[in-house]
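Scroll down for the structure; my scribbles are underneath it.
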Amino acid sequence: EAGVVQSPRYKIIEKKQPVAFWCNPISGHNTLYWYLQNLGQGPELLIRYENEEAVDDSQLPKDRFSAERLKGVDSTLKIQPAELGDSAVYLCASSFRGSRNEQYFGPGTRLTVT
Amino acid sequence: AQTVTQSQPEMSVQEAETVTLSCTYDTSENNYYLFWYKQPPSRQMILVIRQEAYKQQNATENRFSVNFQKAAKSFSLKISDSQLGDTAMYFCAFMNPTGANSKLTFGKGITLSVRP
C-alpha cells in the first residue's frame with residue numbers, strides 16, 4: 001500500500017512569492033491533515049479535512065494561507081505571499097475513521113524562504 | 001487546552017542498552033489517546049506505539065513499551081535493546097478523539113542518539 005505522498009520535497013523561494021504544496025493521502029483515508037513543523041519543534045496542526053470539508057482551520061493564518069481538498073482526495077496548501085518566517089517543514093497526514101485514530105504522515109515539504 | 005511536555009531535549013544510549021524517554025501532559029479530559037512518534041533524519045514521521053487512556057495495561061510493541069501513569073499524567077517510552085536505527089527524534093503526542101478536537105498535540109520532541 002502506498003503511503004502519503006507529498007510534493008515537492010524541497011522548495012526554495014524568495015519572500016513575497018507564492019508557493020503551493022500538494023498531498024495525496026493513503027487510498028480510502030477520509031481525514032487529511034496539514035501540519036507545520038518548525039526546526040526543533042513538534043508539528044502543529046494548520047487544518048484538518050473530513051472528506052472535502054475543512055472541519056478545523058482555527059490555526060491556519062488565513063491572510064496568507066489557503067487550502068483546498070475539492071474532491072475529498074488530494075489536497076493543496078498555498079502560501080501567498082510567503083514571508084521569511086514561513087520557512088519550515090509542511091507535513092501532510094491522513095487517517096481513516098475507525099483506524100484507532102492513527103495518523104500516517106508523509107515525508108513533508110521543506111520550505112526555505114529567502 | 002491540552003499541553004504536552006518533553007523536558008529532555010537530548011539523550012544518548014549505548015547500543016543494546018535500555019533508555020527511557022519522558023513525557024507529561026495536561027488535560028481535563030478523561031477519554032483520550034497518547035502516542036509516541038519517531039522521526040528519523042529523513043523526516044518521515046512513524047507511529048511507534050499507542051495507548052488508550054481507559055486501558056490500565058501498558059502498551060507494548062516489540063522492543064518498545066510505555067509506562068502510563070494516568071493520575072500523574074505521565075507517559076514514558078522505554079526502548080529495550082537499543083539499535084542504531086533507533087536514532088531519531090521522538091515525539092509524544094496527545095489526542096482527544098471526540099468531535100472537532102481529534103487532532104494531535106505534540107511535545108517539542110527529544111533527540112535520541114544510539115552509540116555503537
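Residues are named by chain letter and number: chains run A, B, ... in the order of the C-alpha cells, numbers start at 1 in each chain, and ligands are numbered from 1 in the order shown.
Shell of Tyr37 of chain B at 6 Å, with only C-alpha atoms counted and residues fewer than 6 places along the chain excluded, is Ile46, Leu47, Val48, Tyr90 and Phe91 of chain B.
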Backbone-only DSSP, strand (DSSP E) members of chain A, as a PyMOL selection string: chain A and resi 5-7+10-13+19-24+31-37+44-50+53-56+65-68+75-79+88-95+104-105+109-113
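All of the residues in chain A within 7 Å of chain B are Gln41, Gly42, Pro43, Val55, Asp56, Phe105, Gly106 and Pro107 of chain A, where only C-alpha atoms were counted.
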Produce a file of the selected residues containing C-alpha atoms, as a compact mmCIF listing (two decimals), in the first residue's frame.
```txt
# COMPACT_ATOMS: atom_id res chain seq x y z
CA GLN A 41 9.74 21.61 17.35
CA GLY A 42 6.82 19.24 17.17
CA PRO A 43 4.26 19.56 14.37
CA VAL A 55 -13.59 20.94 9.99
CA ASP A 56 -10.74 22.61 11.89
CA PHE A 105 2.45 11.05 7.79
CA GLY A 106 4.03 11.96 4.50
CA PRO A 107 7.72 12.86 4.13
```
Which residue of B:Ala53, B:Val13, B:Thr18, B:Lys38 approaches Tyr104 of chain A most closely, using only C-alpha atoms: B:Lys38
Nearest-residue call for His29 of chain A, choices A:Leu77, A:Ala82, A:Val4, A:Val89, using only C-alpha atoms: A:Val4
Proximity to Gly85 of chain B - best of B:Val66, B:Ala1, B:Val114, B:Leu34, only C-alpha atoms: B:Val114
Contacts of Val73 of chain A at 12 Å (only C-alpha atoms; same-chain gap of 4+ positions) as JSON, numbers by chain: {"A": [4, 5, 22, 23, 24, 25, 26, 27, 28, 29, 30, 31, 32, 33, 49, 50, 51, 52, 53, 68, 69, 94, 95]}
Polymer residues at most 8 Å from Lys78 of chain B, only C-alpha atoms, same-chain spacing of 2 or more positions, as a ChimeraX atom specification: /B:18-21,64-67,76,80
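Atom pair atom CA of Glu83 of chain A / atom CA of Arg64 of chain A has a distance of 9.3 Å (rounded to one decimal).
Using only C-alpha atoms, the smallest distance between any of A:Glu102, A:Gly40, A:Tyr90, A:Pro81 and Pro41 of chain B comes from A:Gly40.
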Computed interatomic separation between atom CA of Tyr10 of chain A and atom CA of Gly108 of chain A (Å): 8.5 Å
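Nearest residue to Thr112 of chain A, choosing from A:Ile79, A:Ala2, A:Ile12, A:Leu46 and counting only C-alpha atoms: A:Ile12.
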Pick from B:Gln2, B:Ser113, B:Ala71, B:Asp81, whichever lies nearest to Glu29 of chain B using only C-alpha atoms: B:Gln2
Long-range neighbours of Ala72 of chain B as an MDAnalysis selection string, 10 Å cut-off, only C-alpha atoms, 2 positions minimum in chain: chainID B and resid 24:26 68:70 74:75
Output N, CA, C and O atoms for every residue in the selection just made, as a compact mmCIF listing (two decimals), in the first residue's frame.
```
# COMPACT_ATOMS: atom_id res chain seq x y z
N THR B 24 5.14 14.28 29.89
CA THR B 24 3.99 14.58 30.74
C THR B 24 3.00 15.40 29.93
O THR B 24 3.35 16.03 28.93
N TYR B 25 1.75 15.37 30.36
CA TYR B 25 0.73 16.09 29.62
C TYR B 25 -0.27 16.67 30.61
O TYR B 25 -0.30 16.28 31.78
N ASP B 26 -1.06 17.58 30.12
CA ASP B 26 -2.05 18.21 30.96
C ASP B 26 -3.37 18.23 30.21
O ASP B 26 -3.44 18.69 29.07
N PHE B 68 2.45 4.16 31.50
CA PHE B 68 1.36 5.12 31.51
C PHE B 68 0.85 5.28 32.94
O PHE B 68 0.34 4.32 33.53
N GLN B 69 1.01 6.46 33.48
CA GLN B 69 0.54 6.78 34.82
C GLN B 69 -0.53 7.87 34.69
O GLN B 69 -0.21 9.06 34.64
N LYS B 70 -1.79 7.44 34.64
CA LYS B 70 -2.87 8.38 34.34
C LYS B 70 -3.02 9.46 35.41
O LYS B 70 -3.20 10.63 35.10
N SER B 74 1.54 11.06 33.16
CA SER B 74 2.88 10.75 32.69
C SER B 74 2.80 9.60 31.69
O SER B 74 2.04 8.65 31.86
N PHE B 75 3.62 9.69 30.65
CA PHE B 75 3.57 8.70 29.57
C PHE B 75 4.99 8.54 29.02
O PHE B 75 5.37 9.18 28.05
```
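Those residues that approach Leu84 of chain A to within 9 Å, counting only C-alpha atoms, are Glu14, Lys15, Lys16, Ala82, Asp86, Ser87, Thr112, Val113 and Thr114 of chain A; same-chain residues fewer than 2 positions away are not listed.
Look at Phe65 of chain A: the protein and nucleic acid residues within 7 Å of it, using only C-alpha atoms and passing over chain neighbours fewer than 2 places away, are Leu60, Pro61, Lys62, Asp63, Ala67, Lys78, Ile79 and Gln80 of chain A.
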Can I get the selection written as a PDB file, in the first residue's frame, with all heavy atoms?
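The result, written out as again-v5.pdb:
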```pdb
ATOM      1  N   LEU A  60      -4.982  28.101  10.997  1.00  0.00           N
ATOM      2  CA  LEU A  60      -4.497  28.487   9.667  1.00  0.00           C
ATOM      3  C   LEU A  60      -4.493  30.010   9.541  1.00  0.00           C
ATOM      4  O   LEU A  60      -5.546  30.645   9.678  1.00  0.00           O
ATOM      5  CB  LEU A  60      -5.396  27.882   8.593  1.00  0.00           C
ATOM      6  CG  LEU A  60      -4.908  27.999   7.143  1.00  0.00           C
ATOM      7  CD1 LEU A  60      -3.730  27.071   6.905  1.00  0.00           C
ATOM      8  CD2 LEU A  60      -6.047  27.680   6.176  1.00  0.00           C
ATOM      9  N   PRO A  61      -3.334  30.607   9.260  1.00  0.00           N
ATOM     10  CA  PRO A  61      -3.281  32.078   9.081  1.00  0.00           C
ATOM     11  C   PRO A  61      -3.953  32.454   7.755  1.00  0.00           C
ATOM     12  O   PRO A  61      -3.324  32.436   6.700  1.00  0.00           O
ATOM     13  CB  PRO A  61      -1.777  32.382   9.062  1.00  0.00           C
ATOM     14  CG  PRO A  61      -1.095  31.153   9.559  1.00  0.00           C
ATOM     15  CD  PRO A  61      -1.991  30.003   9.192  1.00  0.00           C
ATOM     16  N   LYS A  62      -5.179  32.809   7.832  1.00  0.00           N
ATOM     17  CA  LYS A  62      -5.983  32.931   6.622  1.00  0.00           C
ATOM     18  C   LYS A  62      -5.640  34.153   5.772  1.00  0.00           C
ATOM     19  O   LYS A  62      -6.117  34.252   4.625  1.00  0.00           O
ATOM     20  CB  LYS A  62      -7.467  32.921   6.996  1.00  0.00           C
ATOM     21  CG  LYS A  62      -7.902  31.622   7.670  1.00  0.00           C
ATOM     22  CD  LYS A  62      -9.366  31.632   8.011  1.00  0.00           C
ATOM     23  CE  LYS A  62      -9.761  30.364   8.757  1.00  0.00           C
ATOM     24  NZ  LYS A  62      -9.091  30.243  10.076  1.00  0.00           N
ATOM     25  N   ASP A  63      -4.851  35.059   6.315  1.00  0.00           N
ATOM     26  CA  ASP A  63      -4.492  36.216   5.498  1.00  0.00           C
ATOM     27  C   ASP A  63      -3.541  35.826   4.367  1.00  0.00           C
ATOM     28  O   ASP A  63      -3.537  36.450   3.306  1.00  0.00           O
ATOM     29  CB  ASP A  63      -3.851  37.301   6.369  1.00  0.00           C
ATOM     30  CG  ASP A  63      -2.628  36.813   7.135  1.00  0.00           C
ATOM     31  OD1 ASP A  63      -2.517  35.586   7.360  1.00  0.00           O
ATOM     32  OD2 ASP A  63      -1.796  37.649   7.489  1.00  0.00           O
ATOM     33  N   ALA A  67      -6.107  26.533   1.693  1.00  0.00           N
ATOM     34  CA  ALA A  67      -6.026  25.103   1.407  1.00  0.00           C
ATOM     35  C   ALA A  67      -7.311  24.661   0.734  1.00  0.00           C
ATOM     36  O   ALA A  67      -8.359  25.304   0.898  1.00  0.00           O
ATOM     37  CB  ALA A  67      -5.781  24.302   2.686  1.00  0.00           C
ATOM     38  N   LYS A  78      -1.530  26.411   0.059  1.00  0.00           N
ATOM     39  CA  LYS A  78      -0.884  27.528  -0.633  1.00  0.00           C
ATOM     40  C   LYS A  78      -0.516  28.630   0.343  1.00  0.00           C
ATOM     41  O   LYS A  78      -1.250  28.881   1.322  1.00  0.00           O
ATOM     42  CB  LYS A  78      -1.812  28.095  -1.704  1.00  0.00           C
ATOM     43  CG  LYS A  78      -2.173  27.116  -2.812  1.00  0.00           C
ATOM     44  CD  LYS A  78      -3.138  27.743  -3.812  1.00  0.00           C
ATOM     45  CE  LYS A  78      -3.535  26.745  -4.901  1.00  0.00           C
ATOM     46  NZ  LYS A  78      -4.514  27.320  -5.858  1.00  0.00           N
ATOM     47  N   ILE A  79       0.593  29.295   0.044  1.00  0.00           N
ATOM     48  CA  ILE A  79       1.005  30.472   0.801  1.00  0.00           C
ATOM     49  C   ILE A  79       1.225  31.599  -0.205  1.00  0.00           C
ATOM     50  O   ILE A  79       1.941  31.443  -1.187  1.00  0.00           O
ATOM     51  CB  ILE A  79       2.316  30.257   1.586  1.00  0.00           C
ATOM     52  CG1 ILE A  79       2.236  28.990   2.445  1.00  0.00           C
ATOM     53  CG2 ILE A  79       2.599  31.462   2.473  1.00  0.00           C
ATOM     54  CD1 ILE A  79       3.550  28.648   3.136  1.00  0.00           C
ATOM     55  N   GLN A  80       0.563  32.730   0.043  1.00  0.00           N
ATOM     56  CA  GLN A  80       0.731  33.869  -0.854  1.00  0.00           C
ATOM     57  C   GLN A  80       0.418  35.164  -0.117  1.00  0.00           C
ATOM     58  O   GLN A  80      -0.735  35.357   0.314  1.00  0.00           O
ATOM     59  CB  GLN A  80      -0.182  33.729  -2.073  1.00  0.00           C
ATOM     60  CG  GLN A  80      -0.005  34.854  -3.094  1.00  0.00           C
ATOM     61  CD  GLN A  80      -0.775  34.618  -4.389  1.00  0.00           C
ATOM     62  OE1 GLN A  80      -1.597  33.696  -4.480  1.00  0.00           O
ATOM     63  NE2 GLN A  80      -0.528  35.436  -5.372  1.00  0.00           N
TER      64      GLN A  80
END
```
